[in-house]
file input-v2.cif (mmCIF, C-alpha atoms)
data_upload
#
loop_
_atom_site.label_atom_id
_atom_site.label_comp_id
_atom_site.auth_asym_id
_atom_site.auth_seq_id
_atom_site.Cartn_x
_atom_site.Cartn_y
_atom_site.Cartn_z
CA ARG A 728 8.22 -17.30 -0.96
CA THR A 729 11.65 -18.48 0.31
CA HIS A 730 10.96 -22.02 -0.95
CA ARG A 731 10.14 -20.66 -4.41
CA MET A 732 13.35 -18.61 -4.48
CA PHE A 733 15.50 -21.66 -3.67
CA SER A 734 13.66 -23.78 -6.21
CA THR A 735 14.30 -21.16 -8.89
CA SER A 736 17.96 -20.95 -7.89
CA ARG A 737 18.41 -24.73 -8.13
CA ARG A 738 16.89 -24.77 -11.61
CA LEU A 739 19.17 -21.89 -12.61
CA LEU A 740 22.35 -23.70 -11.47
CA ALA A 741 21.32 -26.94 -13.17
CA SER A 742 20.73 -25.08 -16.45
CA MET A 743 24.14 -23.39 -16.22
CA ARG A 744 25.94 -26.74 -15.70
CA SER A 745 24.02 -28.32 -18.56
CA VAL A 746 24.73 -25.54 -21.09
CA ILE A 747 28.33 -24.80 -20.16
CA THR A 748 29.40 -28.49 -20.45
CA ARG A 749 27.57 -29.06 -23.73
CA PRO A 750 30.05 -29.49 -26.70
CA ALA A 751 27.49 -28.11 -29.17
CA VAL A 752 27.84 -24.66 -27.61
CA ARG A 753 31.47 -24.18 -28.68
CA PRO A 754 30.85 -23.48 -32.44
CA LEU A 755 28.53 -20.61 -31.51
CA PHE A 756 31.44 -18.55 -30.19
CA THR A 757 34.19 -18.87 -32.81
CA GLY A 758 37.27 -16.94 -31.72
CA TYR A 759 36.27 -16.89 -28.04
CA SER A 760 38.00 -18.93 -25.36
CA TYR A 761 35.93 -21.61 -23.73
CA THR A 762 35.96 -19.72 -20.44
CA ARG A 763 34.63 -16.58 -22.10
CA ARG A 764 31.95 -18.56 -23.95
CA ALA A 765 30.84 -20.06 -20.66
CA GLY A 766 30.73 -16.59 -19.10
CA VAL A 767 28.46 -15.21 -21.85
CA VAL A 768 26.06 -18.12 -21.56
CA ALA A 769 26.09 -17.89 -17.78
CA ALA A 770 25.30 -14.17 -17.94
CA GLY A 771 22.29 -14.84 -20.15
CA ILE A 772 21.00 -17.57 -17.89
CA LEU A 773 21.56 -15.40 -14.78
CA THR A 774 19.54 -12.58 -16.34
CA ALA A 775 16.66 -14.89 -17.13
CA GLY A 776 16.94 -16.53 -13.73
CA PHE A 777 16.80 -13.30 -11.75
CA ALA A 778 13.83 -12.21 -13.86
CA GLY A 779 12.13 -15.40 -12.72
CA ILE A 780 12.97 -14.68 -9.09
CA ALA A 781 11.60 -11.14 -9.44
CA GLN A 782 8.42 -12.55 -10.95
CA ALA A 783 8.11 -14.95 -8.02
CA TYR A 784 8.41 -11.96 -5.65
CA ASP A 785 5.79 -10.01 -7.59
CA GLU A 786 3.35 -12.91 -7.64
CA THR A 787 3.81 -13.60 -3.93
CA ASP A 788 3.56 -9.94 -2.79
CA ASP A 789 0.73 -8.86 -5.10
CA TYR A 790 -1.95 -9.01 -2.41
CA GLU A 791 0.35 -7.42 0.18
CA HIS A 792 1.16 -4.44 -2.08
CA LYS A 793 -2.53 -3.90 -2.79
CA ASP A 794 -3.20 -3.75 0.97
CA ILE A 795 -0.51 -1.09 1.42
CA LYS A 796 -2.01 1.02 -1.37
CA LEU A 797 -5.47 0.64 0.14
CA VAL A 798 -4.25 1.88 3.53
CA ALA A 799 -2.30 4.72 1.94
CA SER A 800 -5.37 5.84 0.01
CA LYS A 801 -7.16 6.46 3.30
CA ARG A 802 -4.54 8.90 4.51
CA LYS A 803 -5.12 12.63 4.07
CA SER A 804 -2.83 14.29 1.55
CA ILE A 805 -1.79 17.93 1.50
CA ASP A 806 -4.32 18.46 -1.30
CA ASP A 807 -7.11 17.00 0.87
CA TYR A 808 -6.27 19.33 3.76
CA GLN A 809 -5.92 22.31 1.43
CA LYS A 810 -9.29 21.68 -0.19
CA PHE A 811 -10.92 21.40 3.23
CA HIS A 812 -9.35 24.68 4.32
CA GLU A 813 -10.39 26.44 1.11
CA GLU A 814 -14.00 25.35 1.59
CA LEU A 815 -13.99 26.76 5.12
CA MET A 816 -12.50 30.08 4.02
CA GLU A 817 -15.11 30.33 1.29
CA ALA A 818 -17.86 29.75 3.86
CA TYR A 819 -16.34 32.26 6.31
CA PRO A 820 -14.77 35.23 4.46
CA ASN A 821 -13.14 36.58 7.65
CA LEU A 822 -11.37 33.27 8.30
CA ASP A 823 -7.73 33.11 7.22
CA ILE A 824 -5.89 29.78 7.31
CA LEU A 825 -2.14 29.78 6.72
CA PRO A 826 -1.06 28.34 3.36
CA LEU A 827 -0.46 24.62 3.71
CA ASN A 828 2.77 23.25 2.24
CA ALA A 829 5.18 20.44 3.11
CA GLN A 830 7.03 22.59 5.66
CA ALA A 831 3.83 23.62 7.45
CA LEU A 832 2.68 20.01 7.58
CA ALA A 833 6.10 18.96 8.90
CA LEU A 834 5.84 21.49 11.76
CA HIS A 835 2.39 20.15 12.64
CA THR A 836 3.66 16.59 12.48
CA ILE A 837 6.28 17.38 15.12
CA ILE A 838 4.00 19.15 17.59
CA ARG A 839 1.25 16.53 17.19
CA ASP A 840 3.57 13.59 17.86
CA ARG A 841 2.95 12.38 21.42
CA ALA A 842 6.61 11.34 21.65
CA THR A 843 7.94 14.86 20.94
CA ALA A 844 9.99 16.21 23.84
CA ARG A 845 8.81 19.43 25.47
CA ASP A 846 11.71 21.57 24.24
CA ASP A 847 10.99 20.49 20.66
CA PHE A 848 7.26 21.06 21.15
CA VAL A 849 7.95 24.60 22.39
CA PHE A 850 10.46 25.37 19.63
CA TYR A 851 8.29 24.24 16.72
CA SER A 852 5.10 25.65 18.23
CA ASN A 853 6.84 29.01 18.46
CA ARG A 854 7.68 28.81 14.76
CA ILE A 855 4.01 28.32 13.91
CA ILE A 856 2.94 31.05 16.32
CA ARG A 857 5.37 33.53 14.76
CA LEU A 858 3.87 32.85 11.32
CA LEU A 859 0.38 33.32 12.72
CA ILE A 860 1.23 36.63 14.38
CA GLU A 861 2.77 38.01 11.20
CA GLN A 862 -0.30 36.99 9.22
CA ALA A 863 -2.66 38.48 11.81
CA LEU A 864 -0.78 41.80 11.81
CA SER A 865 -1.05 41.95 8.03
CA LYS A 866 -4.86 41.86 8.38
CA LEU A 867 -5.02 44.96 10.57
CA PRO A 868 -6.05 48.30 9.01
CA PHE A 869 -3.24 50.46 7.64
CA VAL A 870 -3.07 54.06 6.45
CA ARG A 871 -0.77 55.54 3.84
CA THR A 872 2.26 57.49 4.97
CA VAL A 873 5.45 59.00 3.51
CA VAL A 874 8.93 58.86 5.06
CA MET A 875 12.25 60.28 3.94
CA THR A 876 15.07 57.83 3.27
CA PRO A 877 18.80 58.53 4.01
CA THR A 878 19.16 59.53 0.35
CA ASP A 879 16.70 62.42 0.90
CA ALA A 880 14.14 60.65 -1.27
CA PRO A 881 10.55 60.03 -0.17
CA PHE A 882 9.22 56.51 0.33
CA HIS A 883 5.48 55.98 0.15
CA GLY A 884 4.38 53.24 2.52
CA PHE A 885 1.90 52.27 5.24
CA GLU A 886 1.57 52.40 9.02
CA PHE A 887 -0.90 50.84 11.45
CA ARG A 888 -4.14 52.81 11.77
CA HIS A 889 -4.63 51.78 15.41
CA ARG A 890 -2.25 50.75 18.13
CA VAL A 891 -2.19 47.04 18.87
CA VAL A 892 -2.79 45.16 22.12
CA GLY A 893 -2.47 41.44 22.63
CA VAL A 894 -4.92 39.69 24.95
CA SER A 895 -4.15 36.14 25.98
CA ILE A 896 -6.75 33.69 27.20
CA MET A 897 -4.91 32.22 30.16
CA ARG A 898 -3.11 29.88 30.46
CA ALA A 899 -2.46 28.37 27.02
CA GLY A 900 -2.78 31.77 25.35
CA ASP A 901 0.27 32.95 27.31
CA SER A 902 2.37 30.71 25.08
CA MET A 903 1.67 33.08 22.17
CA VAL A 904 2.65 36.31 23.92
CA ALA A 905 6.38 35.93 23.22
CA GLY A 906 5.67 35.50 19.51
CA LEU A 907 3.69 38.74 19.48
CA ARG A 908 6.34 40.64 21.40
CA SER A 909 9.05 39.43 19.04
CA VAL A 910 7.43 41.25 16.10
CA ALA A 911 5.49 44.09 17.79
CA LYS A 912 7.89 46.19 19.84
CA GLY A 913 6.48 47.49 23.09
CA VAL A 914 3.06 45.92 22.54
CA ARG A 915 0.76 46.00 25.54
CA ILE A 916 -0.65 42.73 26.88
CA GLY A 917 -4.01 42.05 28.51
CA LYS A 918 -5.12 38.90 30.33
CA ILE A 919 -8.42 37.06 30.46
CA LEU A 920 -8.86 33.97 32.64
CA ILE A 921 -11.73 31.75 31.59
CA GLN A 922 -12.31 28.43 33.28
CA ARG A 923 -14.36 25.47 32.10
CA ASP A 924 -16.57 23.15 34.07
CA GLU A 925 -14.88 19.84 33.26
CA GLU A 926 -17.84 17.88 34.67
CA ASP A 927 -20.17 19.53 32.19
CA PRO A 928 -20.47 17.61 28.88
CA GLU A 929 -20.68 20.97 27.08
CA LYS A 930 -17.55 22.28 28.87
CA ARG A 931 -19.34 25.53 29.73
CA ALA A 932 -16.99 28.41 30.42
CA TYR A 933 -17.16 31.22 32.96
CA LEU A 934 -15.10 34.38 33.39
CA SER A 935 -12.76 34.43 36.40
CA TYR A 936 -10.40 37.36 35.78
CA VAL A 937 -9.76 40.15 33.29
CA LYS A 938 -7.06 42.83 33.18
CA CYS A 939 -6.56 44.94 30.05
CA PRO A 940 -5.18 48.40 29.19
CA GLY A 941 -7.60 51.22 29.97
CA ASP A 942 -7.61 52.46 26.37
CA ILE A 943 -8.20 49.04 24.85
CA GLY A 944 -11.34 50.34 23.16
CA LEU A 945 -9.14 52.55 20.95
CA ARG A 946 -6.84 49.71 19.89
CA SER A 947 -6.82 46.73 17.54
CA VAL A 948 -6.89 43.54 19.59
CA LEU A 949 -5.15 40.25 18.85
CA LEU A 950 -6.94 37.66 21.00
CA LEU A 951 -4.56 34.75 21.62
CA ASP A 952 -5.54 31.14 22.31
CA PRO A 953 -3.88 28.16 20.59
CA MET A 954 -6.85 25.75 20.59
CA LEU A 955 -10.43 26.32 19.44
CA ALA A 956 -12.73 23.34 20.04
CA THR A 957 -16.35 24.19 20.90
CA GLY A 958 -15.67 27.93 20.96
CA GLY A 959 -17.01 28.48 24.46
CA SER A 960 -13.92 30.14 25.95
CA ALA A 961 -13.16 32.26 22.88
CA SER A 962 -16.80 33.37 22.62
CA LEU A 963 -16.84 34.52 26.25
CA ALA A 964 -13.49 36.31 25.78
CA ILE A 965 -14.83 38.20 22.75
CA GLU A 966 -17.95 39.18 24.71
CA THR A 967 -15.67 40.49 27.46
CA LEU A 968 -13.66 42.59 24.99
CA ILE A 969 -16.83 44.06 23.49
CA ASP A 970 -18.04 44.94 27.00
CA LEU A 971 -14.73 46.78 27.49
CA GLY A 972 -15.52 48.93 24.46
CA VAL A 973 -13.61 47.12 21.69
CA PRO A 974 -15.51 47.23 18.37
CA GLU A 975 -16.17 43.74 17.05
CA GLU A 976 -14.40 44.46 13.76
CA ARG A 977 -11.17 45.33 15.59
CA ILE A 978 -10.85 41.88 17.17
CA THR A 979 -8.65 39.27 15.49
CA PHE A 980 -8.65 35.82 17.05
CA VAL A 981 -5.25 34.12 16.57
CA ASN A 982 -5.24 30.36 16.94
CA VAL A 983 -2.99 27.36 16.20
CA VAL A 984 -5.51 24.52 15.73
CA ALA A 985 -9.26 24.98 15.31
CA ASN A 986 -12.37 22.87 14.80
CA PRO A 987 -15.30 23.71 12.49
CA ASN A 988 -17.73 23.67 15.42
CA GLY A 989 -15.84 26.44 17.18
CA ILE A 990 -15.42 28.42 13.97
CA LYS A 991 -19.15 28.24 13.27
CA LYS A 992 -20.00 29.37 16.78
CA LEU A 993 -17.67 32.38 16.68
CA PHE A 994 -18.77 33.68 13.30
CA SER A 995 -22.45 33.04 14.08
CA LYS A 996 -22.24 35.26 17.16
CA PHE A 997 -19.58 37.71 15.95
CA PRO A 998 -19.64 37.94 12.15
CA LYS A 999 -17.37 41.01 12.04
CA ILE A 1000 -14.37 39.53 13.87
CA LYS A 1001 -11.36 38.18 11.98
CA MET A 1002 -9.70 34.85 12.67
CA VAL A 1003 -6.26 33.53 11.72
CA THR A 1004 -5.37 29.88 12.29
CA SER A 1005 -2.78 27.44 11.00
CA PHE A 1006 -4.86 24.26 10.79
CA VAL A 1007 -8.45 23.05 11.12
CA ASP A 1008 -9.03 19.54 12.45
CA PRO A 1009 -12.38 18.07 11.37
CA GLU A 1010 -13.66 16.31 14.50
CA LEU A 1011 -14.38 16.49 18.23
CA ASN A 1012 -14.50 13.31 20.29
CA GLU A 1013 -17.05 12.48 22.99
CA MET A 1014 -15.00 14.50 25.50
CA MET A 1015 -15.09 17.54 23.20
CA TYR A 1016 -11.36 17.30 22.48
CA ILE A 1017 -10.09 18.15 19.00
CA VAL A 1018 -9.26 15.08 16.88
CA PRO A 1019 -6.62 14.28 15.74
CA GLY A 1020 -5.49 17.32 17.74
CA LEU A 1021 -2.26 17.54 19.72
CA GLY A 1022 -3.32 17.08 23.33
CA ASP A 1023 -3.55 19.91 25.85
CA PHE A 1024 -1.42 22.68 24.36
CA GLY A 1025 -0.81 24.46 27.66
CA ASP A 1026 0.27 21.31 29.48
CA ARG A 1027 2.69 20.33 26.74
CA TYR A 1028 4.05 23.86 26.30
CA PHE A 1029 4.57 24.66 29.99
CA GLY A 1030 5.56 21.16 31.10
CA THR A 1031 2.87 20.38 33.65
CA GLU A 1032 2.52 16.80 34.78
CA GLU A 1033 -0.87 15.70 33.51
CA ASP A 1034 -2.15 15.77 29.97
CA GLN A 1035 -5.76 16.48 29.01
CA HIS A 1036 -6.78 12.84 29.52
CA GLY A 1037 -5.58 12.81 33.13
CA ARG A 1038 -2.49 10.65 32.81
CA ARG A 1039 1.20 11.18 32.21
CA THR A 1040 2.07 10.34 28.61
CA TYR A 1041 5.17 12.42 27.94
CA THR A 1042 8.69 12.50 29.31
CA TYR A 1043 9.21 16.19 29.94
CA HIS A 1044 12.70 17.65 30.00
#
call {"tool": "encode", "arguments": {"input": "input-v2.cif", "output": "structure tokens"}}
result
Amino acid sequence: RTHRMFSTSRRLLASMRSVITRPAVRPLFTGYSYTRRAGVVAAGILTAGFAGIAQAYDETDDYEHKDIKLVASKRKSIDDYQKFHEELMEAYPNLDILPLNAQALALHTIIRDRATARDDFVFYSNRIIRLLIEQALSKLPFVRTVVMTPTDAPFHGFEFRHRVVGVSIMRAGDSMVAGLRSVAKGVRIGKILIQRDEEDPEKRAYLSYVKCPGDIGLRSVLLLDPMLATGGSASLAIETLIDLGVPEERITFVNVVANPNGIKKLFSKFPKIKMVTSFVDPELNEMMYIVPGLGDFGDRYFGTEEDQHGRRTYTYH
């Protein structure tokens, strides 16, 4: 490509010398100085010459540009993600996925980047969590009420039908408690500790600890866990809440990133629950980790040393 550019340039300069020094050119520009005539001719030749150089570039890079377009066509666009989410919500009426726009995708890009520092991961995760909590609260049952404004006029509005309690699936679910408390003043918090057998290919879960308010059966429950892969932990947590007297329809599972396998498992066992998530990733790898995923949410959020693959990959602040 460089050789062709220089060859074109040499031909261009030779043409300029030939035309500018040719006596026959002078009558074409009556009233113009010779210098100005030469400038006009040179400008024309330069235009044609650069067009030739551009053509040389286009011819040389044609295959390369096609490769770039081919690679780009394999990438998922916002429309692809949105269509996928819409199909899932149509299949599961009680599933609510946050609207996907450029800002939402930008937030996910930051928290999924393995090079993102922990303070940035926490900050942008909290932004997503806050959006999720607001959306989950909007799905709870409301009743009509009337209040008096400072102008002695009535205002017809709504209030929650049931009191709310947040239950976090420890430890990653604890990352979502602050987001709930920031929008639900004085909300009570319960804890459920579910551990997985990491040697088991199915990652079977078992209940280790539970502590919830005594009147939890009278409340609407927001069950908090940022990642839903196979659905084992969330399924056991929901069973635990039902055993504590919580009606299935009063449970809303709030989640950052989910997988269709986990969604299918939850709604197959508990069709009356509600679920709010911000993104659904399509695959699980052979280790049952969400792909493309974002790693172990709890490790990245709380700054522990090892990631989910058993090696240090981040520089934590």
call {"tool": "resolve_selection", "arguments": {"input": "input-v2.cif", "expression": "the PyMOL selection byres ((chain A and resi 839-853) around 9)", "output": "ChimeraX atom specification"}}
result
/A:834-838,854-858,902-903,905-906,983,1019-1022,1027-1030,1040-1044
call {"tool": "atom_distance", "arguments": {"input": "input-v2.cif", "atom1": "atom CA of Glu966 of chain A", "atom2": "atom CA of Cys939 of chain A"}}
result
13.8 Å
call {"tool": "closest_residue", "arguments": {"input": "input-v2.cif", "among": "A:Ala829, A:Ile896, A:Ile978, A:Leu950", "to": "Pro998 of chain A", "atoms": "all atoms listed in the file"}}
result
A:Ile978
call {"tool": "closest_atom_pairs", "arguments": {"input": "input-v2.cif", "of": "segment 956-1006 of chain A", "to": "segment 919-925 of chain A", "cutoff": "10 Å", "atoms": "all atoms listed in the file", "output": "JSON lines"}}
result
{"residue": "A:Gly959", "atom": "CA", "partner": "A:Arg923", "partner_atom": "CA", "distance": 8.6}
{"residue": "A:Ser960", "atom": "CA", "partner": "A:Ile921", "partner_atom": "CA", "distance": 6.3}
{"residue": "A:Ala961", "atom": "CA", "partner": "A:Ile921", "partner_atom": "CA", "distance": 8.8}
{"residue": "A:Leu963", "atom": "CA", "partner": "A:Ile921", "partner_atom": "CA", "distance": 7.9}
{"residue": "A:Ala964", "atom": "CA", "partner": "A:Ile919", "partner_atom": "CA", "distance": 6.9}
{"residue": "A:Thr967", "atom": "CA", "partner": "A:Ile919", "partner_atom": "CA", "distance": 8.6}
{"residue": "A:Leu968", "atom": "CA", "partner": "A:Ile919", "partner_atom": "CA", "distance": 9.4}
call {"tool": "write_last_selection", "arguments": {"input": "input-v2.cif", "atoms": "C-alpha atoms", "output": "PDB file, in the coordinates of the input"}}
result
ATOM      1  CA  GLY A 959     -17.010  28.480  24.460  1.00  0.00           C
ATOM      2  CA  SER A 960     -13.920  30.140  25.950  1.00  0.00           C
ATOM      3  CA  ALA A 961     -13.160  32.260  22.880  1.00  0.00           C
ATOM      4  CA  LEU A 963     -16.840  34.520  26.250  1.00  0.00           C
ATOM      5  CA  ALA A 964     -13.490  36.310  25.780  1.00  0.00           C
ATOM      6  CA  THR A 967     -15.670  40.490  27.460  1.00  0.00           C
ATOM      7  CA  LEU A 968     -13.660  42.590  24.990  1.00  0.00           C
TER       8      LEU A 968
END
call {"tool": "atom_distance", "arguments": {"input": "input-v2.cif", "atom1": "atom CA of Lys1001 of chain A", "atom2": "atom CA of Tyr819 of chain A"}}
result
9.6 Å
call {"tool": "closest_residue", "arguments": {"input": "input-v2.cif", "among": "A:Leu955, A:Ile1000, A:Ala899, A:Ile824", "to": "Arg977 of chain A", "atoms": "all atoms listed in the file"}}
result
A:Ile1000
call {"tool": "atom_distance", "arguments": {"input": "input-v2.cif", "atom1": "atom CA of Thr1004 of chain A", "atom2": "atom CA of Ser909 of chain A"}}
result
18.6 Å
call {"tool": "resolve_selection", "arguments": {"input": "input-v2.cif", "expression": "the PyMOL selection byres ((chain A and resi 940) around 12)", "output": "number ranges by chain"}}
result
A: 890-894, 914-919, 937-939, 941-948, 968, 971-973
call {"tool": "closest_residue", "arguments": {"input": "input-v2.cif", "among": "A:Ser865, A:Thr957, A:Asn982, A:Ser962", "to": "Gly900 of chain A", "atoms": "all atoms listed in the file"}}
result
A:Asn982
call {"tool": "build_atoms", "arguments": {"input": "input-v2.cif", "residues": "segment 893-907 of chain A", "atoms": "N, CA and C atoms", "output": "mmCIF file, in the frame of the given file"}}
result
data_model
loop_
_atom_site.group_PDB
_atom_site.id
_atom_site.type_symbol
_atom_site.label_atom_id
_atom_site.label_comp_id
_atom_site.auth_asym_id
_atom_site.auth_seq_id
_atom_site.Cartn_x
_atom_site.Cartn_y
_atom_site.Cartn_z
ATOM 1 N N GLY A 893 -2.253 42.875 22.622
ATOM 2 C CA GLY A 893 -2.470 41.440 22.630
ATOM 3 C C GLY A 893 -3.192 41.033 23.902
ATOM 4 N N VAL A 894 -4.184 40.190 23.784
ATOM 5 C CA VAL A 894 -4.920 39.690 24.950
ATOM 6 C C VAL A 894 -4.869 38.170 24.926
ATOM 7 N N SER A 895 -4.261 37.604 25.938
ATOM 8 C CA SER A 895 -4.150 36.140 25.980
ATOM 9 C C SER A 895 -5.240 35.554 26.866
ATOM 10 N N ILE A 896 -5.814 34.453 26.383
ATOM 11 C CA ILE A 896 -6.750 33.690 27.200
ATOM 12 C C ILE A 896 -5.910 32.717 28.017
ATOM 13 N N MET A 897 -5.802 32.993 29.298
ATOM 14 C CA MET A 897 -4.910 32.220 30.160
ATOM 15 C C MET A 897 -5.431 30.771 30.293
ATOM 16 N N ARG A 898 -4.539 29.790 30.393
ATOM 17 C CA ARG A 898 -3.110 29.880 30.460
ATOM 18 C C ARG A 898 -2.450 29.597 29.129
ATOM 19 N N ALA A 899 -3.090 28.782 28.279
ATOM 20 C CA ALA A 899 -2.460 28.370 27.020
ATOM 21 C C ALA A 899 -2.152 29.567 26.131
ATOM 22 N N GLY A 900 -3.003 30.599 26.183
ATOM 23 C CA GLY A 900 -2.780 31.770 25.350
ATOM 24 C C GLY A 900 -1.488 32.495 25.683
ATOM 25 N N ASP A 901 -0.995 32.319 26.926
ATOM 26 C CA ASP A 901 0.270 32.950 27.310
ATOM 27 C C ASP A 901 1.441 32.451 26.474
ATOM 28 N N SER A 902 1.304 31.259 25.905
ATOM 29 C CA SER A 902 2.370 30.710 25.080
ATOM 30 C C SER A 902 2.568 31.510 23.800
ATOM 31 N N MET A 903 1.598 32.331 23.425
ATOM 32 C CA MET A 903 1.670 33.080 22.170
ATOM 33 C C MET A 903 2.133 34.517 22.369
ATOM 34 N N VAL A 904 2.282 34.931 23.635
ATOM 35 C CA VAL A 904 2.650 36.310 23.920
ATOM 36 C C VAL A 904 4.062 36.621 23.422
ATOM 37 N N ALA A 905 5.002 35.692 23.650
ATOM 38 C CA ALA A 905 6.380 35.930 23.220
ATOM 39 C C ALA A 905 6.468 36.115 21.717
ATOM 40 N N GLY A 906 5.680 35.353 20.958
ATOM 41 C CA GLY A 906 5.670 35.500 19.510
ATOM 42 C C GLY A 906 5.190 36.870 19.085
ATOM 43 N N LEU A 907 4.178 37.403 19.796
ATOM 44 C CA LEU A 907 3.690 38.740 19.480
ATOM 45 C C LEU A 907 4.726 39.795 19.830
#
